[in-house]
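**Student:** One structure, pasted below without further comment.
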Amino acid sequence: MLDYFNIMKDACTDVGADFDRKKYDKFIDYKNLLQCWNKKVNLTTIIEDEQIIKKHFIDCIKIFKFVPLKKKVNFIDVGTGAGFPGIPMSIVKPDINVILLDSLAKRVNFLNEVISKLKLKGITTIHGRAEDISRKFEYRESFDVSVSRAVANLSVLSEFCIPYVKLGGYFVAMKGPSVENEIKESKNAISILGGKIEDIIEVEIEKSELRHNLVIIKKIKNTPKAYPRKAGTVSKKPLK
């Protein structure tokens with residue numbers, strides 16, 4: 001059997017983050033809640049212990065390869081689903097301020113239970129669509145960082161996420177191993193929305209062949225008021 005504690009500790013060491021038994025126990029409680037809830041609510045197709053540890057938890061921990069996230073920042077996790085990457089980030093770095101945004105009430109109920117059971121601080125949830133919430137004054141261009149691990153192309157994710165980021169802040173898109181074409185096709189959309197691709201950070205998952213990428217987009221100008229477009233339009237007609 002794999003030593004999950006030491007695999008996760010190695011992952012944290014790789015990104016310059018502390019890890020101890022207390023944090024590990026929170027991850028195991030999170031895993032157990034995920035597996036239990038997944039029997040009644042569709043949260044993930046990844047249900048085996050080892051796969052959850054590697055493909056969810058360690059993958060999310062690797063977002064700290066982006067150094068600014070190691071500071072005390074406030075960020076929003078757009079389309080968080082079962083809490084990825086926001087909850088693992090909160091467990092590893094409890095001093096960051098996290099908002100988890102998701103459009104499905106059942107998933108938000110799950111997230112609230114995780115937050116309560118794990119006694120996580122500085123983390124809250126919002127139930128709503130990304131296109132609608134980013135038009136509210138208190139959320140628009142008010143975050144140091146927006147992150148997303150949602151399964152959508154980069155043009156779509158950028159329209160969902162860049163409006164939340166303040167000038168000088170960042171949108172971090174967690175993508176798979178092949179991103180070159182996606183980046184090429186989304187550059188104009190990112191520019192329209194006020195962003196500029198600053199870096200692509202490759203990440204490796206311990207004890208696996210998995211390779212992923214963090215696409216780092218800096219907010220260099222305000223997002224025009226026309227964006228994001230109304231709910232439903234962003235995914236159906238991605239910006240070109």
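Identifiers in this document derive from the order of the structure tokens: chains are assigned A, B, ..., residues are numbered from 1 separately in each chain, and ligands are numbered from 1 in order of occurrence.
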Tell me, which residues of stretch 81-123 of chain A carry DSSP strand (DSSP E), written as JSON, numbers by chain?
**Tutor:** {"A": [97, 98, 99, 100, 101, 102, 123]}
**Student:** Limited to N, CA and C atoms, could you put the picked residues into a file as an mmCIF file, in the first residue's frame?
**Tutor:**
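Contents of result-v8.cif, as written:
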```cif
data_model
loop_
_atom_site.group_PDB
_atom_site.id
_atom_site.type_symbol
_atom_site.label_atom_id
_atom_site.label_comp_id
_atom_site.auth_asym_id
_atom_site.auth_seq_id
_atom_site.Cartn_x
_atom_site.Cartn_y
_atom_site.Cartn_z
ATOM 1 N N ASN A 97 -7.610 33.559 1.994
ATOM 2 C CA ASN A 97 -9.065 33.739 2.014
ATOM 3 C C ASN A 97 -9.659 33.171 0.736
ATOM 4 N N VAL A 98 -10.617 32.279 0.888
ATOM 5 C CA VAL A 98 -11.128 31.496 -0.234
ATOM 6 C C VAL A 98 -12.640 31.653 -0.373
ATOM 7 N N ILE A 99 -13.096 31.869 -1.602
ATOM 8 C CA ILE A 99 -14.516 31.757 -1.925
ATOM 9 C C ILE A 99 -14.671 30.647 -2.952
ATOM 10 N N LEU A 100 -15.554 29.708 -2.658
ATOM 11 C CA LEU A 100 -15.857 28.610 -3.575
ATOM 12 C C LEU A 100 -17.172 28.931 -4.276
ATOM 13 N N LEU A 101 -17.146 29.020 -5.597
ATOM 14 C CA LEU A 101 -18.333 29.362 -6.375
ATOM 15 C C LEU A 101 -18.773 28.175 -7.216
ATOM 16 N N ASP A 102 -20.040 27.798 -7.094
ATOM 17 C CA ASP A 102 -20.573 26.728 -7.929
ATOM 18 C C ASP A 102 -22.052 26.979 -8.205
ATOM 19 N N ILE A 123 -12.871 30.467 4.622
ATOM 20 C CA ILE A 123 -13.376 29.881 3.378
ATOM 21 C C ILE A 123 -14.903 29.886 3.410
#
```
**Student:** Skipping near chain neighbours, those fewer than 2 positions away, what residues fall within 12 Å of stretch 4-12 of chain A using only C-alpha atoms, listed as a ChimeraX atom specification?
**Tutor:** /A:1-2,14-28,49-65,70,88-89,91-93,203-208
**Student:** Keeping N, CA and C atoms for every residue in the selection just given, could you write it to a file as a compact mmCIF listing (two decimals), in the first residue's frame?
**Tutor:**
```txt
# COMPACT_ATOMS: atom_id res chain seq x y z
N MET A 1 0.84 -1.21 0.00
CA MET A 1 0.00 0.00 0.00
C MET A 1 0.87 1.26 0.00
N LEU A 2 0.49 2.22 -0.78
CA LEU A 2 1.26 3.45 -0.86
C LEU A 2 1.16 4.25 0.44
N ASP A 14 7.77 20.02 -2.57
CA ASP A 14 8.09 20.45 -3.94
C ASP A 14 7.61 21.86 -4.22
N VAL A 15 6.50 22.28 -3.59
CA VAL A 15 5.96 23.62 -3.84
C VAL A 15 6.30 24.60 -2.71
N GLY A 16 7.12 24.13 -1.75
CA GLY A 16 7.53 25.02 -0.67
C GLY A 16 6.48 25.26 0.38
N ALA A 17 5.62 24.26 0.62
CA ALA A 17 4.55 24.39 1.61
C ALA A 17 4.76 23.39 2.74
N ASP A 18 4.34 23.77 3.93
CA ASP A 18 4.45 22.87 5.08
C ASP A 18 3.34 21.83 5.05
N PHE A 19 3.64 20.65 5.61
CA PHE A 19 2.64 19.58 5.68
C PHE A 19 2.89 18.78 6.95
N ASP A 20 1.81 18.46 7.66
CA ASP A 20 1.94 17.69 8.89
C ASP A 20 0.75 16.74 9.03
N ARG A 21 0.74 15.97 10.11
CA ARG A 21 -0.31 14.97 10.33
C ARG A 21 -1.68 15.62 10.48
N LYS A 22 -1.74 16.79 11.05
CA LYS A 22 -3.02 17.48 11.22
C LYS A 22 -3.64 17.80 9.86
N LYS A 23 -2.83 18.31 8.95
CA LYS A 23 -3.33 18.62 7.60
C LYS A 23 -3.70 17.32 6.87
N TYR A 24 -2.86 16.31 7.05
CA TYR A 24 -3.14 15.02 6.40
C TYR A 24 -4.48 14.46 6.86
N ASP A 25 -4.75 14.53 8.16
CA ASP A 25 -6.01 14.02 8.69
C ASP A 25 -7.21 14.76 8.08
N LYS A 26 -7.05 16.05 7.83
CA LYS A 26 -8.12 16.81 7.18
C LYS A 26 -8.36 16.31 5.76
N PHE A 27 -7.28 16.03 5.05
CA PHE A 27 -7.42 15.49 3.70
C PHE A 27 -8.13 14.14 3.71
N ILE A 28 -7.80 13.29 4.67
CA ILE A 28 -8.45 11.98 4.74
C ILE A 28 -9.94 12.12 5.09
N ASP A 49 -9.15 5.53 -3.53
CA ASP A 49 -8.29 6.31 -2.63
C ASP A 49 -7.06 6.88 -3.33
N GLU A 50 -6.31 6.01 -3.99
CA GLU A 50 -5.05 6.45 -4.60
C GLU A 50 -5.30 7.51 -5.66
N GLN A 51 -6.35 7.34 -6.46
CA GLN A 51 -6.64 8.30 -7.52
C GLN A 51 -7.09 9.65 -6.95
N ILE A 52 -7.88 9.62 -5.87
CA ILE A 52 -8.29 10.86 -5.23
C ILE A 52 -7.06 11.61 -4.71
N ILE A 53 -6.15 10.87 -4.06
CA ILE A 53 -4.95 11.49 -3.51
C ILE A 53 -4.11 12.13 -4.61
N LYS A 54 -3.90 11.40 -5.71
CA LYS A 54 -3.02 11.89 -6.77
C LYS A 54 -3.71 12.88 -7.71
N LYS A 55 -4.87 12.46 -8.27
CA LYS A 55 -5.50 13.24 -9.33
C LYS A 55 -6.29 14.43 -8.82
N HIS A 56 -6.69 14.40 -7.57
CA HIS A 56 -7.39 15.55 -7.00
C HIS A 56 -6.49 16.31 -6.03
N PHE A 57 -6.10 15.69 -4.93
CA PHE A 57 -5.42 16.42 -3.87
C PHE A 57 -4.05 16.94 -4.29
N ILE A 58 -3.18 16.05 -4.77
CA ILE A 58 -1.84 16.49 -5.14
C ILE A 58 -1.88 17.44 -6.33
N ASP A 59 -2.74 17.15 -7.29
CA ASP A 59 -2.89 18.05 -8.44
C ASP A 59 -3.23 19.46 -7.97
N CYS A 60 -4.12 19.57 -6.99
CA CYS A 60 -4.51 20.89 -6.48
C CYS A 60 -3.38 21.54 -5.68
N ILE A 61 -2.66 20.74 -4.90
CA ILE A 61 -1.52 21.28 -4.14
C ILE A 61 -0.50 21.91 -5.07
N LYS A 62 -0.35 21.36 -6.25
CA LYS A 62 0.67 21.84 -7.18
C LYS A 62 0.41 23.25 -7.70
N ILE A 63 -0.79 23.78 -7.44
CA ILE A 63 -1.06 25.15 -7.87
C ILE A 63 -0.13 26.13 -7.15
N PHE A 64 0.42 25.71 -6.00
CA PHE A 64 1.35 26.57 -5.28
C PHE A 64 2.72 26.66 -5.96
N LYS A 65 2.88 25.99 -7.09
CA LYS A 65 4.05 26.24 -7.94
C LYS A 65 4.05 27.70 -8.40
N LYS A 70 1.46 31.75 -2.50
CA LYS A 70 1.98 31.42 -1.17
C LYS A 70 1.83 32.59 -0.21
N PRO A 88 -8.38 21.93 -1.00
CA PRO A 88 -6.99 21.54 -0.74
C PRO A 88 -6.06 22.73 -0.50
N MET A 89 -6.27 23.82 -1.22
CA MET A 89 -5.46 25.01 -1.02
C MET A 89 -5.66 25.56 0.39
N ILE A 91 -6.61 23.88 3.05
CA ILE A 91 -6.01 22.97 4.04
C ILE A 91 -4.51 23.20 4.14
N VAL A 92 -3.85 23.33 3.00
CA VAL A 92 -2.40 23.50 2.98
C VAL A 92 -1.98 24.89 3.47
N LYS A 93 -2.74 25.92 3.07
CA LYS A 93 -2.41 27.30 3.44
C LYS A 93 -3.63 27.94 4.11
N VAL A 203 3.59 20.95 -14.17
CA VAL A 203 3.63 20.29 -12.87
C VAL A 203 3.62 18.78 -13.05
N GLU A 204 4.27 18.11 -12.13
CA GLU A 204 4.32 16.65 -12.13
C GLU A 204 3.69 16.12 -10.85
N ILE A 205 2.98 15.02 -10.96
CA ILE A 205 2.32 14.40 -9.82
C ILE A 205 3.17 13.25 -9.30
N GLU A 206 3.50 13.30 -8.02
CA GLU A 206 4.36 12.28 -7.42
C GLU A 206 3.82 10.87 -7.64
N LYS A 207 4.78 9.94 -7.85
CA LYS A 207 4.47 8.51 -8.00
C LYS A 207 3.46 8.25 -9.13
N SER A 208 3.59 9.00 -10.22
CA SER A 208 2.69 8.82 -11.35
C SER A 208 3.34 9.36 -12.61
```
**Student:** Taking 2 positions as the minimum chain separation for residues in the same chain, which residues sit within 10 Å of stretch 150-154 of chain A when counting only C-alpha atoms? Answer as a VMD selection string.
**Tutor:** chain A and resid 77 to 81 84 to 85 147 to 148 156 to 160 173 to 176 179 182 to 187 189 to 190 215 235 238 to 239
**Student:** I need the residue nearest A:Lys196 from this list: A:Asn74, A:Asn213, A:Asn181, A:Thr223. Use only C-alpha atoms for the distance.
**Tutor:**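 Under the stated criterion, the closest residue is A:Thr223.
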**Student:** Let me make sure I understand: among A:Pro177, A:Lys225, A:Lys236, A:Lys71, which one has the smallest atom-to-atom distance to A:Glu209 if we use only C-alpha atoms?
**Tutor:** A:Pro177
**Student:** Under the rule that only C-alpha atoms are counted, which of A:Lys221, A:Lys166, A:Lys119, A:Arg211 is the nearest residue to A:Ile87?
**Tutor:**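 Of A:Lys221, A:Lys166, A:Lys119, A:Arg211, the one nearest A:Ile87 is A:Lys119, counting only C-alpha atoms.
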**Student:** I'd like the contact shell of A:Leu43 - 6 Å cut-off, only C-alpha atoms, skipping same-chain residues fewer than 2 positions apart - returned as a ChimeraX atom specification.
**Tutor:** /A:38,41,82
